[in-house]
Amino acid sequence: MNNPQLDSDGRLRHLLSIEGLPKKILNQILDTAESFAGVAEREVKKVPLLRGKTVCNLFFENSTRTRTTFEIAAKRLSADVISLNVNTSSQSKGETILDTVDNLIAMHADMFVVRHAQSGAAHFIAKHVPEHIHVINAGDGRHSHPTQGLLDVFTIRKYKPDLHNLRVAIVGDVLHSRVARSEIHALTTLGVPEVRVIAPKTLLPAEVEKMGVHVYHDIKVGLKDVDVIMMLRLQNERMNGAMLPSAQEYFKTYGLTQEKLKLAKPDAIVLHPGPMNRGVEIDSSVADGKQSVILPQVTYGIAIRMAVMAMLSGGQGGN
Amino acid sequence: MKIHIKNGHVIDPKNKLDSKLDVFIEAGKILSIGSMPEGFFASHTIDASNQIVCPGLVDLSARLREPGEEYKATLVSELQAAVAGGVTSLACPPDTDPVLDEPGLVEMLRYRAKQLNLAHVYPLGALTRQLEGKSLSEMGELKDSGCVGFSQANIAIIDTQVLWRAMEYAATFGFTLFLHAEEPFLARGGVAHDGEVATRLGLKGIPSAAEALALASILRIASETKAKVHISRLSTAEGVEMIRAAKAQGLNISCDVSANQLHLTEHDIAYFDANCHLKPPVRTQRDKAALSAGLKDGTIDAICSDHTPVDDDAKLAPFAEAEIGATGLELLLTLTLKWATSEKVPLSNAIAHLTQHSANILGIPAGDLSVNSDADICVFDANEYWKITSNALKSQGKNTPFNGLELAGKVKTTLVHGQVVYQHN
């Protein structure tokens with residue numbers, strides 16, 4: 001079957017998921033991001049790679065952080081940016097996704113950054129756009145959030161450059177998490193030898209071990225000797241119900257506290273995709289502690305998104 | 001009209017015919033098979049050299065979308081599709097709009113279908129009013145208006161007391177219940193088999209246990225009430241095992257599998273192919289193998305098309321939002337032949353799953369070539385390959401996971417009541 005993300009020459013055409021991307025392309029994105037990381041330090045924080053291009057942020061689901069970082073990334077590449085929150089406008093009037101997309105194509109958008117509550121939405125849009133238009137998935141349902149996965153491994157690589165010698169734990173609601181799925185694919189593709197997922201059975205999808213991870217239910221066992229801890233956000237609506245009895249009990253069993261952090265290697269780093277629920281999945285003292293790399297993640301997120309946009313439109317690095 | 005079908009290879013599982021024989025038809029009935037009756041002068045001769053002549057196919061589940069959903073399909077389009085696929089009798093589930101729970105609606109549907117003079121339509125009446133699973137429909141009245149059985153379509157009866165009463169009442173009069181086994185709470189929100197692929201794609205899963213749980217209730221109540229139950233579209237290995245055990249215990253039960261399930265697995269969803277959004281979901285290789293084995297050993301009685309035409313727009317959405325269903329009437333025969341070839345099943349056994357067995361389940365006079373029976377006949381070339389092309393299908397529903405596939409088994413001529421209703425050029 002054709003990989004919808006690559007063109008016939010094996011170059012990146014869309015970024016829809018980490019799954020299906022060869023290691024070479026992942027490294028190329030990370031290396032390109034490295035070259036863009038310096039742009040923010042300059043007096044003029046801009047490069048002209050996307051001058052004259054129009055990037056359209058098409059958000060069918062609310063987001064502040066992701067949308068903002070995509071906007072900043074596009075603007076630093078000198079693109080024109082339109083941001084649409086579709087769930088509050090046309091979708092409520094009965095317009096279909098394709099109607100919305102077709103209208104924006106008619107306005108000569110060159111690139112779509114798409115977020116949607118349904119898994120597969122970005123693939124669906126990518127299948128229907130003309131050849132010259134590129135689609136970046138900014139999160140589709142539970143499926144994928146590739147730029148988040150990439151910025152997470154970029155962050156890990158910054159602090160722990162030898163990926164082939166790492167033990168990584170992903171903790172929390174893997175079942176509903178597109179971030180977890182992207183992280184797992186990114187880590188396993190880049191050769192991280194041991195990826196663990198730690199969660200109660202209610203928050204793990206069926207046959208998750210087939211994604212190449214080791215499953216732990218006891219966080220005290222799962223965190224032992226890990227180099228990297230990647231926390232996942234727990235959505236409010238899942239804190240009390242059939243998945244979990246209460247946020248308090250979740251914090252007690254799976255929340256990352258200083259005490260549990262001590263089980264990991266002393267130089268372990270802590271990541272979180274944000275926004276955080278302090279006192280639910282993570283204790284403030286850990287989130288703000290010296291092992292936390294949560295804010296650098298946000299900064300690197302801009303470089304990663306610049307790299308992806310530049311590569312999709314055929315550009316190289318930021319030097 | 002006197003018709004002579006000559007030089008064809010006749011396969012009629014019920015009458016154990018499997019050889020080169022001529023068929024003679026007069027006044028819509030089969031007059032004789034083998035030797036020409038004295039004084040027979042054919043007004044029309046069909047040369048079936050190198051072709052198979054078998055009973056017209058009997059499909060246990062084909063949605064026609066009338067009344068109420070004519071934007072998806074119409075009686076005309078779907079009955080033309082049926083005869084193009086060699087299907088001469090079909091049962092349609094009651095989930096139309098309005099629901100088939102009123103004798104008047106059933107009469108109207110049958111009348112309109114009859115006027116078209118294509119395939120015979122045998123409606124399955126709603127088992128409960130509005131398919132709500134609360135109160136029984138007027139089964140007796142519906143039977144009198146032409147229903148051959150009662151079904152809940154894809155909607156489960158949640159209240160086991162209602163299910164029990166429905167079976168008791170149906171059993172009183174010997175009516176057959178057609179039930180799809182899926183426990184609705186476990187399946188809630190699910191769109192794909194709960195396994196490796198759903199996990200990878202982030203799709204909400206329907207566990208195999210949803211089928212097993214529903215089956216357990218249905219089989220237990222059927223055993224108490226002695227109701228005659230047909231399980232529609234089995235999908236799991238565990239389900240096959242449960243039916244096998246129930247039959248061994250002597251329960252009055254039958255079941256079918258959709259042609260889709262004989263060929264597709266969760267991996268066919270690939271990158272969110274909405275054509276594979278089906279009910280029940282396509283499951284694993286292991287389930288597929290168990291379904292195939294179940295057909296071979298007689299645990300599963302029949303293969304249905306699960307024909308569910310959907311308008312193009314309804315599939316133009318992300319996987320979970322894309323409407324469930326695929327077109328199937330024109331693919332039933334070729335998909336069954338593909339299964340039979342790959343599983344080394346004799347052609348006559350495969351055809352029995354599409355004719356004799358399904359007709360028995362519906363209790364209708366069809367599915368065989370007995371002398372004096374209605375001349376409903378399918379003539380096909382088992383070796384001719386054709387490419388499945390959505391837009392060339394007669395069905396108004398163009399969506400199929402098999403689009404582009406080249407398969408053997410082309411229907412050449414279909415007769416209903418001794419009249420040629422389809423002729424392939």
# chains A, B, ... in the order shown; residues from 1 in each chain; ligands from 1

$ residues_around --residues "Glu70 (chain B)" --least-positions-apart "2" --cutoff "12 Å" --atoms "only C-alpha atoms" --output "VMD selection string"
chain B and resid 63 to 68 72 to 78 96 to 97 309 to 311 396 to 397

$ interface_residues --of "chain B" --to "chain A" --cutoff "12 Å" --atoms "only C-alpha atoms" --output "MDAnalysis selection string"
chainID B and resid 191:208 267:274 313:322

$ residues_around --residues "region 8-11 of chain A" --least-positions-apart "2" --cutoff "10 Å" --atoms "only C-alpha atoms" --output "list of chain:residue names"
A:Asn2, A:Asn3, A:Pro4, A:Gln5, A:Leu6, A:Arg13, A:His14, A:Leu21, A:Pro22, A:Ile25, A:Met311, A:Leu312, A:Gly314

$ residues_around --residues "Phe24 (chain B)" --least-positions-apart "4" --cutoff "6 Å" --atoms "only C-alpha atoms" --output "PyMOL selection string"
chain B and resi 3-4+31-32

$ residues_around --residues "region 65-81 of chain A" --least-positions-apart "2" --cutoff "8 Å" --atoms "only C-alpha atoms" --output "ChimeraX atom specification"
/A:45-57,59,63,83,113,138,301-303,305-306,309-310

$ write_last_selection --atoms "N, CA and C atoms" --output "mmCIF file, in the first residue's frame"
data_model
loop_
_atom_site.group_PDB
_atom_site.id
_atom_site.type_symbol
_atom_site.label_atom_id
_atom_site.label_comp_id
_atom_site.auth_asym_id
_atom_site.auth_seq_id
_atom_site.Cartn_x
_atom_site.Cartn_y
_atom_site.Cartn_z
ATOM 1 N N LYS A 45 14.060 37.631 14.070
ATOM 2 C CA LYS A 45 13.755 36.213 14.239
ATOM 3 C C LYS A 45 13.065 35.657 13.000
ATOM 4 N N LYS A 46 13.591 35.938 11.817
ATOM 5 C CA LYS A 46 12.891 35.478 10.620
ATOM 6 C C LYS A 46 13.835 34.966 9.559
ATOM 7 N N VAL A 47 13.386 33.948 8.847
ATOM 8 C CA VAL A 47 14.068 33.523 7.633
ATOM 9 C C VAL A 47 13.027 33.523 6.513
ATOM 10 N N PRO A 48 13.472 33.742 5.291
ATOM 11 C CA PRO A 48 12.476 33.978 4.218
ATOM 12 C C PRO A 48 12.017 32.729 3.465
ATOM 13 N N LEU A 49 12.151 31.554 4.074
ATOM 14 C CA LEU A 49 11.890 30.316 3.321
ATOM 15 C C LEU A 49 10.463 30.167 2.806
ATOM 16 N N LEU A 50 9.505 30.671 3.538
ATOM 17 C CA LEU A 50 8.108 30.498 3.120
ATOM 18 C C LEU A 50 7.475 31.828 2.691
ATOM 19 N N ARG A 51 8.316 32.759 2.247
ATOM 20 C CA ARG A 51 7.787 34.062 1.828
ATOM 21 C C ARG A 51 6.818 33.861 0.662
ATOM 22 N N GLY A 52 5.673 34.499 0.746
ATOM 23 C CA GLY A 52 4.678 34.381 -0.324
ATOM 24 C C GLY A 52 3.776 33.160 -0.202
ATOM 25 N N LYS A 53 4.062 32.310 0.777
ATOM 26 C CA LYS A 53 3.217 31.127 0.961
ATOM 27 C C LYS A 53 2.157 31.407 2.035
ATOM 28 N N THR A 54 1.040 30.748 1.893
ATOM 29 C CA THR A 54 -0.019 30.910 2.883
ATOM 30 C C THR A 54 -0.219 29.606 3.661
ATOM 31 N N VAL A 55 -0.033 29.706 4.968
ATOM 32 C CA VAL A 55 -0.243 28.551 5.834
ATOM 33 C C VAL A 55 -1.592 28.720 6.524
ATOM 34 N N CYS A 56 -2.415 27.694 6.449
ATOM 35 C CA CYS A 56 -3.741 27.807 7.051
ATOM 36 C C CYS A 56 -3.862 26.850 8.236
ATOM 37 N N ASN A 57 -4.026 27.419 9.400
ATOM 38 C CA ASN A 57 -4.261 26.605 10.595
ATOM 39 C C ASN A 57 -5.739 26.270 10.671
ATOM 40 N N PHE A 59 -8.313 24.406 12.662
ATOM 41 C CA PHE A 59 -8.518 23.712 13.935
ATOM 42 C C PHE A 59 -9.989 23.413 14.164
ATOM 43 N N SER A 63 -7.479 24.528 20.632
ATOM 44 C CA SER A 63 -6.100 24.394 21.067
ATOM 45 C C SER A 63 -5.533 25.787 21.166
ATOM 46 N N SER A 83 -5.617 31.605 10.726
ATOM 47 C CA SER A 83 -6.012 30.591 11.699
ATOM 48 C C SER A 83 -7.525 30.552 11.808
ATOM 49 N N VAL A 113 -2.518 23.135 8.380
ATOM 50 C CA VAL A 113 -2.172 22.546 9.668
ATOM 51 C C VAL A 113 -3.517 22.166 10.287
ATOM 52 N N ALA A 138 -1.903 18.267 13.174
ATOM 53 C CA ALA A 138 -1.621 18.870 14.480
ATOM 54 C C ALA A 138 -2.441 18.165 15.567
ATOM 55 N N GLY A 301 9.467 23.057 20.314
ATOM 56 C CA GLY A 301 8.295 22.807 19.472
ATOM 57 C C GLY A 301 8.240 23.751 18.288
ATOM 58 N N ILE A 302 8.683 24.990 18.493
ATOM 59 C CA ILE A 302 8.666 25.959 17.390
ATOM 60 C C ILE A 302 9.681 25.551 16.318
ATOM 61 N N ALA A 303 10.886 25.162 16.759
ATOM 62 C CA ALA A 303 11.921 24.760 15.797
ATOM 63 C C ALA A 303 11.484 23.537 14.993
ATOM 64 N N ARG A 305 8.422 22.603 14.308
ATOM 65 C CA ARG A 305 7.357 22.957 13.358
ATOM 66 C C ARG A 305 7.920 23.764 12.188
ATOM 67 N N MET A 306 8.930 24.611 12.473
ATOM 68 C CA MET A 306 9.595 25.318 11.364
ATOM 69 C C MET A 306 10.259 24.305 10.434
ATOM 70 N N MET A 309 7.656 22.467 8.260
ATOM 71 C CA MET A 309 7.105 23.332 7.208
ATOM 72 C C MET A 309 8.138 23.594 6.122
ATOM 73 N N ALA A 310 9.377 23.832 6.536
ATOM 74 C CA ALA A 310 10.424 24.105 5.560
ATOM 75 C C ALA A 310 10.662 22.889 4.671
#

$ select_by_dssp --residues "region 295-423 of chain B" --states "strand (DSSP E)" --output "ChimeraX atom specification"
/B:302-304,377-387,406-416,419-423

$ closest_atom_pairs --of "region 176-281 of chain B" --to "region 347-367 of chain B" --cutoff "9 Å" --atoms "only C-alpha atoms" --output "JSON lines"
{"residue": "B:Thr176", "atom": "CA", "partner": "B:Leu362", "partner_atom": "CA", "distance": 8.0}
{"residue": "B:His230", "atom": "CA", "partner": "B:Ile361", "partner_atom": "CA", "distance": 7.6}
{"residue": "B:Ser254", "atom": "CA", "partner": "B:Ile361", "partner_atom": "CA", "distance": 7.3}
{"residue": "B:Cys255", "atom": "CA", "partner": "B:Ile361", "partner_atom": "CA", "distance": 8.8}
{"residue": "B:Asp256", "atom": "CA", "partner": "B:Ser358", "partner_atom": "CA", "distance": 8.6}

$ write_last_selection --atoms "C-alpha atoms" --output "mmCIF file, in the first residue's frame"
data_model
loop_
_atom_site.group_PDB
_atom_site.id
_atom_site.type_symbol
_atom_site.label_atom_id
_atom_site.label_comp_id
_atom_site.auth_asym_id
_atom_site.auth_seq_id
_atom_site.Cartn_x
_atom_site.Cartn_y
_atom_site.Cartn_z
ATOM 1 C CA THR B 176 -37.764 -17.296 12.886
ATOM 2 C CA HIS B 230 -30.831 -17.288 13.022
ATOM 3 C CA SER B 254 -28.651 -21.344 12.184
ATOM 4 C CA CYS B 255 -26.219 -18.634 11.234
ATOM 5 C CA ASP B 256 -24.520 -16.802 8.397
#

$ residues_around --residues "Lys252 (chain A)" --least-positions-apart "2" --cutoff "12 Å" --atoms "only C-alpha atoms" --output "PyMOL selection string"
chain A and resi 218-220+245-250+254-257+259-260+279-283

$ residues_around --residues "region 412-414 of chain B" --least-positions-apart "6" --cutoff "9 Å" --atoms "only C-alpha atoms" --output "short mmCIF file (atom, residue, chain, number, x, y, z; two decimals) with C-alpha atoms, in the first residue's frame"
data_model
loop_
_atom_site.label_atom_id
_atom_site.label_comp_id
_atom_site.auth_asym_id
_atom_site.auth_seq_id
_atom_site.Cartn_x
_atom_site.Cartn_y
_atom_site.Cartn_z
CA ILE B 46 -29.61 -20.01 -23.96
CA ALA B 48 -24.54 -22.14 -21.46
CA GLN B 51 -20.94 -22.11 -17.83
CA GLY B 56 -30.83 -18.21 -8.41
CA VAL B 83 -30.14 -9.87 -10.66
CA ALA B 84 -26.82 -8.66 -12.10
CA GLY B 85 -25.25 -10.57 -9.22
CA GLY B 86 -27.35 -13.68 -9.87
CA VAL B 87 -29.46 -13.05 -6.76
CA THR B 88 -33.11 -13.88 -7.40
CA ASP B 376 -35.21 -18.76 -10.80
CA ILE B 377 -31.81 -19.49 -12.26
CA CYS B 378 -28.31 -18.05 -12.32
CA VAL B 379 -26.00 -18.85 -15.22
CA PHE B 380 -22.39 -17.86 -14.67
CA ASP B 381 -18.89 -18.39 -15.96
CA VAL B 420 -34.55 -13.43 -18.52
CA VAL B 421 -34.16 -10.45 -16.17
CA TYR B 422 -30.45 -9.97 -16.66
CA GLN B 423 -28.19 -10.68 -19.57
CA HIS B 424 -24.50 -9.83 -19.54
CA ASN B 425 -23.18 -8.52 -22.83
#
